[in-house]
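*Asks:* Got a structure here, written out as structure tokens. Questions coming.
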Amino acid sequence: MDKTVADLASAVAGVRDGMTVMIGGFGGSGAPIELIHALIDRFRATGSPKDLTVVNNNAGNGHVGLAALIEQGMVRKLICSFPRSADPVVFTDRYQSGQIELELVPQGTLAERIRAGGAGIPAFYTPTSFGTDLAKDKPVAVFEGRSYVQERWLKADFALVKAHLGDRLGNLTYRMAARNFNPLMCMAAATTIVQVSRIVAPGGLDPEAIITPGIFVQGVVEVPHPLQEEDLNRARATYPEAAA
Amino acid sequence: MDKTVADLASAVAGVRDGMTVMIGGFGGSGAPIELIHALIDRFRATGSPKDLTVVNNNAGNGHVGLAALIEQGMVRKLICSFPRSADPVVFTDRYQSGQIELELVPQGTLAERIRAGGAGIPAFYTPTSFGTDLAKDKPVAVFEGRSYVQERWLKADFALVKAHLGDRLGNLTYRMAARNFNPLMCMAAATTIVQVSRIVAPGGLDPEAIITPGIFVQGVVEVPHPLQEEDLNRARATYPEAAA
Amino acid sequence: MTLKLTPTQMAWRAAQDIQDGAYVNLGIGFPEMVARFQPPGREAIFHTENGILGFGEAPVPGTEDWDLINAGKKAVTLKPGTAFFHHADSFAMVRGGHLDVAILGAYEVAETGDLANWSTGPKGVPAVGGAMDLVHGAKQVAVITDHVTKDGKPKLLTRCILPLTGVGCVTRVYSSLAVIDIQGGRFVLREKLPGLSLDDLQNLTGARLHLDGAVTDLTVPEV
Amino acid sequence: MTLKLTPTQMAWRAAQDIQDGAYVNLGIGFPEMVARFQPPGREAIFHTENGILGFGEAPVPGTEDWDLINAGKKAVTLKPGTAFFHHADSFAMVRGGHLDVAILGAYEVAETGDLANWSTGPKGVPAVGGAMDLVHGAKQVAVITDHVTKDGKPKLLTRCILPLTGVGCVTRVYSSLAVIDIQGGRFVLREKLPGLSLDDLQNLTGARLHLDGAVTDLTVPEV
């Protein structure tokens with residue numbers, strides 16, 4: 001069994017028009033910038049994939065990564081908790097002109113819905129959002145005298161994930177707070193594609209410290225020195241690079 | 001902040017009559033034998049704690065650990081998935097003579113109910129047990145054309161847990177498959193008491209490899225060479241030791 | 001002529017259907033033997049409910065580590081790439097549909113795919129373990145079972161009589177006499193022992209056996 | 001005489017109530033400043049939604065690691081005992097009641113404990129983050145807020161007008177003028193700025209202030 005993929009283009013080749021794609025990261029930490037840019041490259045060459053529904057905590061920052069994906073017009077709908085950032089102009093403009101749909105989900109509910117999708121739990125109850133506009137039209141139930149909102153699982157066709165180390169079986173570790181939504185999205189997608197800084201031999205990861213066991217992963221591509229969104233934005237980068 | 005406790009007797013001193021106590025382990029692996037025996041010592045000295053509701057995957061094996069706790073008559077009710085073992089005579093006798101109540105829960109549902117207790121999720125839906133005797137009287141709902149059973153969270157007054165290494169903040173690692181229910185029970189109990197093989201200084205555990213962050217732990221006691229239930233049973237041990 | 005397959009032979013037959021790279025959970029007891037018969041060149045990855053993925057064979061006796069056991073509480077070993085996780089993550093793998101195959105034992109299987117394998121009735125101490133989870137989790141749920149009970153009564157039935165483990169969950173039966181798929185609420189015969197007539201097999205089966213294409217010989221080496 | 005506390009001073013006051021060993025989540029913005037003012041001898045452990053427990057102060061500028069940030073996307077540092085975990089575990093800590101204190105900002109707080117702090121209405125891009133989770137998770141949910149809006153209108157009300165973040169969740173308010181508990185659906189005044197009369201404070205408050213024991217002076221150093 002070998003889940004390694006030779007290059008970024010092959011890694012994202014399965015993403016098609018209209019799919020739901022979970023993209024890991026919290027702001028720039030744990031954001032799989034190279035995988036996102038590979039999707040953009042294909043779209044610019046072939047016109048596809050487009051009409052994507054993207055699940056991410058945020059809505060991009062500046063003009064790279066998720067913001068660039070949105071800027072290209074590839075995203076029809078965004079499911080997120082916090083579509084604001086230091087430079088949210090790309091999402092804000094499209095949202096306010098009605099070019100992108102937004103499903104706003106409280107952050108903990110978003111995480112739990114994704115986990116539920118991966119764990120085969122179609123619905124659960126949470127106190128979060130009870131009595132607020134975000135609970136509108138959702139079933140409510142009382143347990144032990146307290147009111148809870150029913151939330152549904154969230155699944156995806158693809159997950160694009162950034163990890164730190166990986167092996168050919170798909171076992172993964174993460175780097176500090178870049179872990180965030182990434183391990184959950186690995187569980188909830190039919191096909192999970194991961195960029196790692198280094199591929200190690202099986203046994204090269206401590207079995208006690210593997211955060212994502214390989215069963216949740218379908219493809220692993222090595223990206224040795226991954227770009228960090230924060231660094232790109234401080235350098236005012238855009239993707240694709242502005243014409244020279 | 002220092003959660004370390006000097007000795008086993010102090011560690012279990014808070015467990016009182018009628019409490020619900022989660023006890024970690026799957027069979028003997030991860031079973032906190034010394035903490036259980038400390039409870040037995042107190043019961044034999046003071047007549048308390050008794051009328052306990054115990055949550056464990058199993059029902060004890062032989063005459064040590066959980067089996068010994070049951071043999072002492074301290075357990076009123078057991079919530080478990082598999083009350084059988086190589087030597088299940090203690091539980092079997094008491095169950096068949098009506099001296100102990102049994103709530104049988106499918107293993108994955110048991111794990112998820114405990115996690116839900118720890119995560120503030122009062123209820124969730126699972127396909128497990130739909131259409132079976134174990135779903136009797138439980139609400140059923142259809143999601144996306146499939147039927148699911150509603151299950152409720154499970155919480156406890158105390159959790160007795162076995163980990164491998166721990167620090168004074170309560171951060172824990174486990175040893176191989178001795179992890180099992182232990183990290184979940186840490187989350188679901190009002191007071192979690194952990195026996196570890198060694199207490200290390202904060203920073204002595206890799207922050208990427210901490211399985212239970214200290215927020216879920218209230219007490220840590222060092223038990224340097226913990227007994228293994230399987231070894232005790234192979235030596236036909238009993239607790240307390242048969243009179244010489 | 002083979003009168004019926006041994007449990008070991010059923011395990012061998014079941015092993016032939018496991019693809020390279022498949023994630024597999026083997027139930028306690030006979031199904032555990034499936035791991036011994038992986039065809040050369042295929043690498044299945046075994047999952048156990050108590051939190052290990054990719055474990056290896058039994059250790060040399062005397063070298064057991066009792067923190068490294070499978071769901072049957074038997075000692076196993078590490079392999080390169082083994083991963084540990086807690087019970088909620090383990091059953092997320094099961095319930096979430098991440099396993100390719102689960103192979104379980106059976107008291108009774110119905111043509112509807114219903115399975116009874118956890119309780120023989122109100123007597124004794126009930127125990128369910130992970131069986132009710134496994135039947136709903138894996139993409140394929142296969143059963144290894146004698147075709148009939150010790151008293152010669154059919155175990156493949158129109159409806160289960162014993163308490164159910166799951167409804168409509170079994171997809172394939174490896175019996176001591178035949179390989180049978182469950183499709184659209186029907187038993188579809190795929191393979192039977194050579195020398196066993198279709199009529200004889202039908203007489204030992206508590207529900208109608210349907211044909212859908214050729215029935216091939218179920219031939220298994222002496223293992 | 002202090003006319004009103006600065007946000008930094010409110011943060012200082014809130015910090016005085018955090019006990020040794022408390023697990024604390026500080027909302028994005030002003031509440032983050034609370035961490036600076038831990039009284040000597042007390043060690044609170046800070047939680048951030050994006051998966052860190054027990055992180056340290058901001059790093060020296062230029063040494064930031066952008067994989068080590070807080071929920072406000074600001075760089076933080078490691079400390080001995082820091083632990084990382086994923087988002088579902090992070091919100092299990094929140095929703096499961098494991099935090100002792102959450103300190104948040106507010107647009108409006110009602111005497112019922114209702115909080116509005118996520119949306120100023122249908123204009124603009126809505127964003128909620130973890131606020132709706134935090135208000136239901138921590139044992140104490142405190143708010144740091146100016147007592148009145150920039151236009152001088154009360155932010156402490158009988159009922160919130162803006163979209164709610166949570167119902168009946170706030171237990172204490174650290175305002176720029178007073179410290180107020182919410183108990184049994186009432187604002188109970190605990191401390192007020194010296195020199196500010198009860199009548200003047202009541203006039204700046206949109207719901208009745210109740211007394212329950214002595215009202216002490218709210219005295220805060222210039223921080």
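Going through the structure tokens in order, the chains are called A, B, and so on, while each chain numbers its residues from 1 and the ligands are numbered from 1 in the order shown.
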Got a sec to tell me which of stretch 40-188 of chain C DSSP assigns to alpha helix (DSSP H), as an MDAnalysis selection string?

*Replies:* chainID C and resid 87:95 131:137

*Asks:* Could you give me, as a PyMOL selection string, the residues within 6 Å of D:Thr82, counting only C-alpha atoms and dropping anything in the same chain fewer than 5 positions from it?

*Replies:* (chain B and resi 207) or (chain D and resi 53-55)

*Asks:* May I ask you to extract the residues of chain A within 9 Å of chain D, using only C-alpha atoms, and to give them as a PyMOL selection string?

*Replies:* chain A and resi 26-30+57-58+80-84+92+95-96+104-112+114-115+126-133+175-184+228-231

*Asks:* Could you save the residues just selected, with C-alpha atoms, as a PDB file, in the first residue's frame?

*Replies:*
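Once written, out.pdb looks like this:
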```
ATOM      1  CA  PHE A  26      -7.286  28.255  11.100  1.00  0.00           C
ATOM      2  CA  GLY A  27      -6.377  31.483   9.409  1.00  0.00           C
ATOM      3  CA  GLY A  28      -3.031  30.691   7.834  1.00  0.00           C
ATOM      4  CA  SER A  29      -1.906  28.060  10.351  1.00  0.00           C
ATOM      5  CA  GLY A  30      -2.417  24.631   8.863  1.00  0.00           C
ATOM      6  CA  ASN A  57     -13.042  28.164   9.521  1.00  0.00           C
ATOM      7  CA  ASN A  58     -12.437  31.431   7.702  1.00  0.00           C
ATOM      8  CA  CYS A  80     -17.370  28.861   7.909  1.00  0.00           C
ATOM      9  CA  SER A  81     -17.442  30.454  11.347  1.00  0.00           C
ATOM     10  CA  PHE A  82     -15.470  33.649  10.883  1.00  0.00           C
ATOM     11  CA  PRO A  83     -15.296  35.230   7.422  1.00  0.00           C
ATOM     12  CA  ARG A  84     -13.165  38.107   8.587  1.00  0.00           C
ATOM     13  CA  THR A  92     -16.401  40.676   1.414  1.00  0.00           C
ATOM     14  CA  TYR A  95     -20.479  38.303  -0.543  1.00  0.00           C
ATOM     15  CA  GLN A  96     -21.880  41.790  -0.668  1.00  0.00           C
ATOM     16  CA  LEU A 104     -22.260  30.763   9.076  1.00  0.00           C
ATOM     17  CA  VAL A 105     -21.679  28.099  11.746  1.00  0.00           C
ATOM     18  CA  PRO A 106     -20.394  28.599  15.300  1.00  0.00           C
ATOM     19  CA  GLN A 107     -16.813  27.405  15.461  1.00  0.00           C
ATOM     20  CA  GLY A 108     -17.319  24.570  17.945  1.00  0.00           C
ATOM     21  CA  THR A 109     -20.418  23.408  16.120  1.00  0.00           C
ATOM     22  CA  LEU A 110     -18.477  23.464  12.856  1.00  0.00           C
ATOM     23  CA  ALA A 111     -15.741  21.296  14.388  1.00  0.00           C
ATOM     24  CA  GLU A 112     -18.262  18.898  15.917  1.00  0.00           C
ATOM     25  CA  ILE A 114     -17.186  17.683  10.816  1.00  0.00           C
ATOM     26  CA  ARG A 115     -16.185  15.146  13.458  1.00  0.00           C
ATOM     27  CA  THR A 126     -25.510  21.204  21.446  1.00  0.00           C
ATOM     28  CA  PRO A 127     -26.281  24.157  23.721  1.00  0.00           C
ATOM     29  CA  THR A 128     -24.419  26.381  21.270  1.00  0.00           C
ATOM     30  CA  SER A 129     -26.589  28.883  19.377  1.00  0.00           C
ATOM     31  CA  PHE A 130     -29.761  28.055  21.322  1.00  0.00           C
ATOM     32  CA  GLY A 131     -32.056  31.086  21.227  1.00  0.00           C
ATOM     33  CA  THR A 132     -30.026  32.842  18.532  1.00  0.00           C
ATOM     34  CA  ASP A 133     -30.556  33.581  14.856  1.00  0.00           C
ATOM     35  CA  ARG A 175       2.875  21.074  13.770  1.00  0.00           C
ATOM     36  CA  MET A 176       1.658  22.928  16.867  1.00  0.00           C
ATOM     37  CA  ALA A 177      -1.595  24.858  16.373  1.00  0.00           C
ATOM     38  CA  ALA A 178      -1.553  24.039  12.660  1.00  0.00           C
ATOM     39  CA  ARG A 179      -3.409  20.891  13.742  1.00  0.00           C
ATOM     40  CA  ASN A 180      -6.804  22.662  14.298  1.00  0.00           C
ATOM     41  CA  PHE A 181      -9.471  21.378  11.852  1.00  0.00           C
ATOM     42  CA  ASN A 182      -7.103  19.219   9.799  1.00  0.00           C
ATOM     43  CA  PRO A 183      -7.472  15.862  11.609  1.00  0.00           C
ATOM     44  CA  LEU A 184     -11.279  16.249  11.674  1.00  0.00           C
ATOM     45  CA  GLN A 228       2.858  30.266   5.240  1.00  0.00           C
ATOM     46  CA  GLU A 229      -0.109  32.517   4.465  1.00  0.00           C
ATOM     47  CA  GLU A 230       0.971  35.112   7.018  1.00  0.00           C
ATOM     48  CA  ASP A 231       4.402  35.452   5.378  1.00  0.00           C
TER      49      ASP A 231
END
```

*Asks:* Using only C-alpha atoms, find each residue of chain B with at least one atom at most 12 Å away from an atom of chain A; report its shortest atom-to-atom pair and that distance in Å (one decimal), sort the rows by chain and rising residue number, and return the result as JSON lines.

*Replies:*
```
{"residue": "B:Gly108", "atom": "CA", "partner": "A:Ala119", "partner_atom": "CA", "distance": 10.4}
{"residue": "B:Thr109", "atom": "CA", "partner": "A:Ile121", "partner_atom": "CA", "distance": 10.6}
{"residue": "B:Ala111", "atom": "CA", "partner": "A:Ala119", "partner_atom": "CA", "distance": 11.8}
{"residue": "B:Glu112", "atom": "CA", "partner": "A:Ala119", "partner_atom": "CA", "distance": 9.5}
{"residue": "B:Arg113", "atom": "CA", "partner": "A:Phe124", "partner_atom": "CA", "distance": 11.4}
{"residue": "B:Arg115", "atom": "CA", "partner": "A:Glu112", "partner_atom": "CA", "distance": 11.9}
{"residue": "B:Ala116", "atom": "CA", "partner": "A:Phe124", "partner_atom": "CA", "distance": 9.4}
{"residue": "B:Gly117", "atom": "CA", "partner": "A:Thr126", "partner_atom": "CA", "distance": 11.5}
{"residue": "B:Ala119", "atom": "CA", "partner": "A:Thr126", "partner_atom": "CA", "distance": 9.4}
{"residue": "B:Gly120", "atom": "CA", "partner": "A:Thr126", "partner_atom": "CA", "distance": 7.0}
{"residue": "B:Ile121", "atom": "CA", "partner": "A:Thr126", "partner_atom": "CA", "distance": 5.5}
{"residue": "B:Pro122", "atom": "CA", "partner": "A:Tyr125", "partner_atom": "CA", "distance": 6.2}
{"residue": "B:Ala123", "atom": "CA", "partner": "A:Tyr125", "partner_atom": "CA", "distance": 5.6}
{"residue": "B:Phe124", "atom": "CA", "partner": "A:Phe124", "partner_atom": "CA", "distance": 4.1}
{"residue": "B:Tyr125", "atom": "CA", "partner": "A:Ala123", "partner_atom": "CA", "distance": 5.6}
{"residue": "B:Thr126", "atom": "CA", "partner": "A:Ile121", "partner_atom": "CA", "distance": 5.5}
{"residue": "B:Pro127", "atom": "CA", "partner": "A:Ile121", "partner_atom": "CA", "distance": 7.9}
{"residue": "B:Thr128", "atom": "CA", "partner": "A:Gly120", "partner_atom": "CA", "distance": 9.8}
{"residue": "B:Val140", "atom": "CA", "partner": "A:Ala123", "partner_atom": "CA", "distance": 11.8}
{"residue": "B:Ala141", "atom": "CA", "partner": "A:Ala123", "partner_atom": "CA", "distance": 9.7}
{"residue": "B:Val142", "atom": "CA", "partner": "A:Pro122", "partner_atom": "CA", "distance": 9.3}
{"residue": "B:Phe143", "atom": "CA", "partner": "A:Pro122", "partner_atom": "CA", "distance": 6.8}
{"residue": "B:Glu144", "atom": "CA", "partner": "A:Pro122", "partner_atom": "CA", "distance": 8.7}
{"residue": "B:Gly145", "atom": "CA", "partner": "A:Pro122", "partner_atom": "CA", "distance": 11.1}
{"residue": "B:Arg146", "atom": "CA", "partner": "A:Pro122", "partner_atom": "CA", "distance": 9.6}
{"residue": "B:Ser147", "atom": "CA", "partner": "A:Pro122", "partner_atom": "CA", "distance": 9.9}
{"residue": "B:Tyr148", "atom": "CA", "partner": "A:Pro122", "partner_atom": "CA", "distance": 8.2}
{"residue": "B:Val149", "atom": "CA", "partner": "A:Ile121", "partner_atom": "CA", "distance": 10.1}
{"residue": "B:Gln150", "atom": "CA", "partner": "A:Phe124", "partner_atom": "CA", "distance": 8.8}
{"residue": "B:Glu151", "atom": "CA", "partner": "A:Phe124", "partner_atom": "CA", "distance": 9.5}
{"residue": "B:Arg152", "atom": "CA", "partner": "A:Phe143", "partner_atom": "CA", "distance": 9.1}
{"residue": "B:Trp153", "atom": "CA", "partner": "A:Phe143", "partner_atom": "CA", "distance": 10.2}
{"residue": "B:His164", "atom": "CA", "partner": "A:Glu208", "partner_atom": "CA", "distance": 11.2}
{"residue": "B:Leu172", "atom": "CA", "partner": "A:Glu208", "partner_atom": "CA", "distance": 11.8}
{"residue": "B:Thr173", "atom": "CA", "partner": "A:Glu208", "partner_atom": "CA", "distance": 8.3}
{"residue": "B:Tyr174", "atom": "CA", "partner": "A:Glu208", "partner_atom": "CA", "distance": 7.8}
{"residue": "B:Arg175", "atom": "CA", "partner": "A:Glu208", "partner_atom": "CA", "distance": 7.6}
{"residue": "B:Met176", "atom": "CA", "partner": "A:Glu208", "partner_atom": "CA", "distance": 6.7}
{"residue": "B:Ala177", "atom": "CA", "partner": "A:Glu208", "partner_atom": "CA", "distance": 9.5}
{"residue": "B:Ala178", "atom": "CA", "partner": "A:Glu208", "partner_atom": "CA", "distance": 11.0}
{"residue": "B:Arg179", "atom": "CA", "partner": "A:Glu208", "partner_atom": "CA", "distance": 9.5}
{"residue": "B:Leu205", "atom": "CA", "partner": "A:Ala209", "partner_atom": "CA", "distance": 11.2}
{"residue": "B:Asp206", "atom": "CA", "partner": "A:Ala209", "partner_atom": "CA", "distance": 9.1}
{"residue": "B:Pro207", "atom": "CA", "partner": "A:Met176", "partner_atom": "CA", "distance": 8.0}
{"residue": "B:Glu208", "atom": "CA", "partner": "A:Met176", "partner_atom": "CA", "distance": 6.7}
{"residue": "B:Ala209", "atom": "CA", "partner": "A:Ala209", "partner_atom": "CA", "distance": 4.8}
{"residue": "B:Ile210", "atom": "CA", "partner": "A:Ala209", "partner_atom": "CA", "distance": 8.0}
{"residue": "B:Ile211", "atom": "CA", "partner": "A:Ala209", "partner_atom": "CA", "distance": 8.3}
```

*Asks:* Name all residues at most 7 Å from A:Met74 (count only C-alpha atoms; drop same-chain ones fewer than 4 positions away) and give them as an MDAnalysis selection string.

*Replies:* chainID A and resid 49:52 69:70

*Asks:* So that I have them on file, write out the residues from the current selection with N, CA, C and O atoms, as a short mmCIF file (atom, residue, chain, number, x, y, z; two decimals), in the first residue's frame.

*Replies:*
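Output (out.cif):
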```
data_model
loop_
_atom_site.label_atom_id
_atom_site.label_comp_id
_atom_site.auth_asym_id
_atom_site.auth_seq_id
_atom_site.Cartn_x
_atom_site.Cartn_y
_atom_site.Cartn_z
N PRO A 49 -11.71 22.90 -11.38
CA PRO A 49 -13.05 22.80 -10.81
C PRO A 49 -13.63 24.17 -10.43
O PRO A 49 -12.91 25.06 -10.01
N LYS A 50 -14.94 24.25 -10.56
CA LYS A 50 -15.65 25.48 -10.15
C LYS A 50 -16.92 25.08 -9.41
O LYS A 50 -17.18 23.91 -9.19
N ASP A 51 -17.71 26.06 -9.02
CA ASP A 51 -18.96 25.83 -8.26
C ASP A 51 -18.72 25.00 -7.01
O ASP A 51 -19.55 24.18 -6.62
N LEU A 52 -17.59 25.22 -6.40
CA LEU A 52 -17.24 24.43 -5.21
C LEU A 52 -17.97 24.96 -3.98
O LEU A 52 -18.22 26.16 -3.85
N LEU A 69 -8.55 31.40 -4.20
CA LEU A 69 -9.53 30.45 -4.74
C LEU A 69 -10.87 31.16 -4.94
O LEU A 69 -11.55 30.99 -5.96
N ILE A 70 -11.24 31.97 -3.95
CA ILE A 70 -12.49 32.72 -4.05
C ILE A 70 -12.37 33.80 -5.13
O ILE A 70 -13.28 34.00 -5.92
#
```

*Asks:* How many Å separate atom CA of B:Asn56 from atom CA of B:Val221?

*Replies:*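 So the two atoms, atom CA of B:Asn56 and atom CA of B:Val221, lie 20.6 Å apart.
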
*Asks:* What is the distance, in Å and to one decimal place, between atom CA of A:Ala31 and atom CA of A:Ala45?

*Replies:*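 Computing it gives 23.1 Å between the two atoms.
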
*Asks:* Give me the residues near stretch 19-34 of chain C as JSON, numbers by chain, where near means some atom within 8 Å (using only C-alpha atoms) and where sequence neighbours in that chain fewer than 6 positions away do not count.

*Replies:* {"A": [1, 215], "C": [7, 8, 11, 12, 41, 42, 43, 44, 45, 46, 47, 48, 71, 72, 98, 99, 100, 101, 102, 103, 104, 105, 131, 144]}

*Asks:* I'd like the contact shell of D:Asp212 - 10 Å cut-off, only C-alpha atoms, skipping same-chain residues fewer than 4 positions apart - returned as JSON, numbers by chain.

*Replies:* {"D": [188, 189, 190]}

*Asks:* Next, write the just-selected residues to a file, as a PDB file, in the first residue's frame, keeping C-alpha atoms as the atom set.

*Replies:*
```pdb
ATOM      1  CA  VAL D 188     -26.562  43.133  41.289  1.00  0.00           C
ATOM      2  CA  LEU D 189     -24.093  45.979  41.799  1.00  0.00           C
ATOM      3  CA  ARG D 190     -20.877  44.936  43.552  1.00  0.00           C
TER       4      ARG D 190
END
```

*Asks:* Could you name the residues that touch D:His210 at 10 Å or less, counting only C-alpha atoms, but leaving out those on the same chain fewer than 4 positions away, as a compact mmCIF listing (two decimals) with C-alpha atoms, in the first residue's frame?

*Replies:*
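For reference, result-v4.txt as written:
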```
# COMPACT_ATOMS: atom_id res chain seq x y z
CA ILE D 180 -22.01 43.88 38.33
CA ASP D 181 -23.13 40.30 38.93
CA ILE D 182 -26.06 38.75 37.15
CA GLN D 183 -28.08 36.68 39.58
CA ARG D 186 -31.14 40.82 37.99
CA PHE D 187 -28.12 43.11 37.81
CA VAL D 188 -26.56 43.13 41.29
CA LEU D 189 -24.09 45.98 41.80
CA ARG D 190 -20.88 44.94 43.55
CA GLN D 202 -28.39 53.92 37.37
```

*Asks:* What's the 8 Å shell around B:Lys155, counting only C-alpha atoms, without same-chain residues fewer than 5 positions away, as a compact mmCIF listing (two decimals) with all heavy atoms, in the first residue's frame?

*Replies:*
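Final output, saved to out.txt:
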```
# COMPACT_ATOMS: atom_id res chain seq x y z
N THR B 20 -21.30 7.44 40.79
CA THR B 20 -20.99 6.80 39.51
C THR B 20 -19.49 6.96 39.27
O THR B 20 -18.97 8.07 39.31
CB THR B 20 -21.79 7.44 38.37
OG1 THR B 20 -23.17 7.18 38.59
CG2 THR B 20 -21.39 6.85 37.02
N ILE B 114 -19.62 8.35 26.48
CA ILE B 114 -18.67 8.92 27.44
C ILE B 114 -18.03 10.18 26.85
O ILE B 114 -17.95 11.22 27.52
CB ILE B 114 -17.60 7.88 27.82
CG1 ILE B 114 -18.26 6.69 28.52
CG2 ILE B 114 -16.52 8.50 28.69
CD1 ILE B 114 -17.35 5.47 28.67
N GLY B 117 -20.48 12.94 27.06
CA GLY B 117 -20.53 13.47 28.42
C GLY B 117 -19.43 14.49 28.64
O GLY B 117 -19.64 15.54 29.26
N GLY B 118 -18.26 14.19 28.14
CA GLY B 118 -17.12 15.09 28.31
C GLY B 118 -17.19 16.31 27.42
O GLY B 118 -16.58 17.34 27.73
N ALA B 188 -15.13 12.93 31.03
CA ALA B 188 -16.55 12.80 31.38
C ALA B 188 -16.83 12.81 32.88
O ALA B 188 -17.98 12.76 33.28
CB ALA B 188 -17.11 11.53 30.76
N ALA B 189 -15.78 12.85 33.69
CA ALA B 189 -15.99 12.78 35.14
C ALA B 189 -15.78 14.15 35.78
O ALA B 189 -14.92 14.92 35.36
CB ALA B 189 -15.03 11.77 35.75
N ALA B 190 -16.55 14.42 36.82
CA ALA B 190 -16.36 15.66 37.57
C ALA B 190 -14.96 15.68 38.19
O ALA B 190 -14.31 16.72 38.24
CB ALA B 190 -17.43 15.80 38.64
```

*Asks:* So how many Å separate atom CA of D:Gly206 and atom CA of D:Thr158, to one decimal?

*Replies:*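 Computing it gives 6.3 Å between the two atoms.
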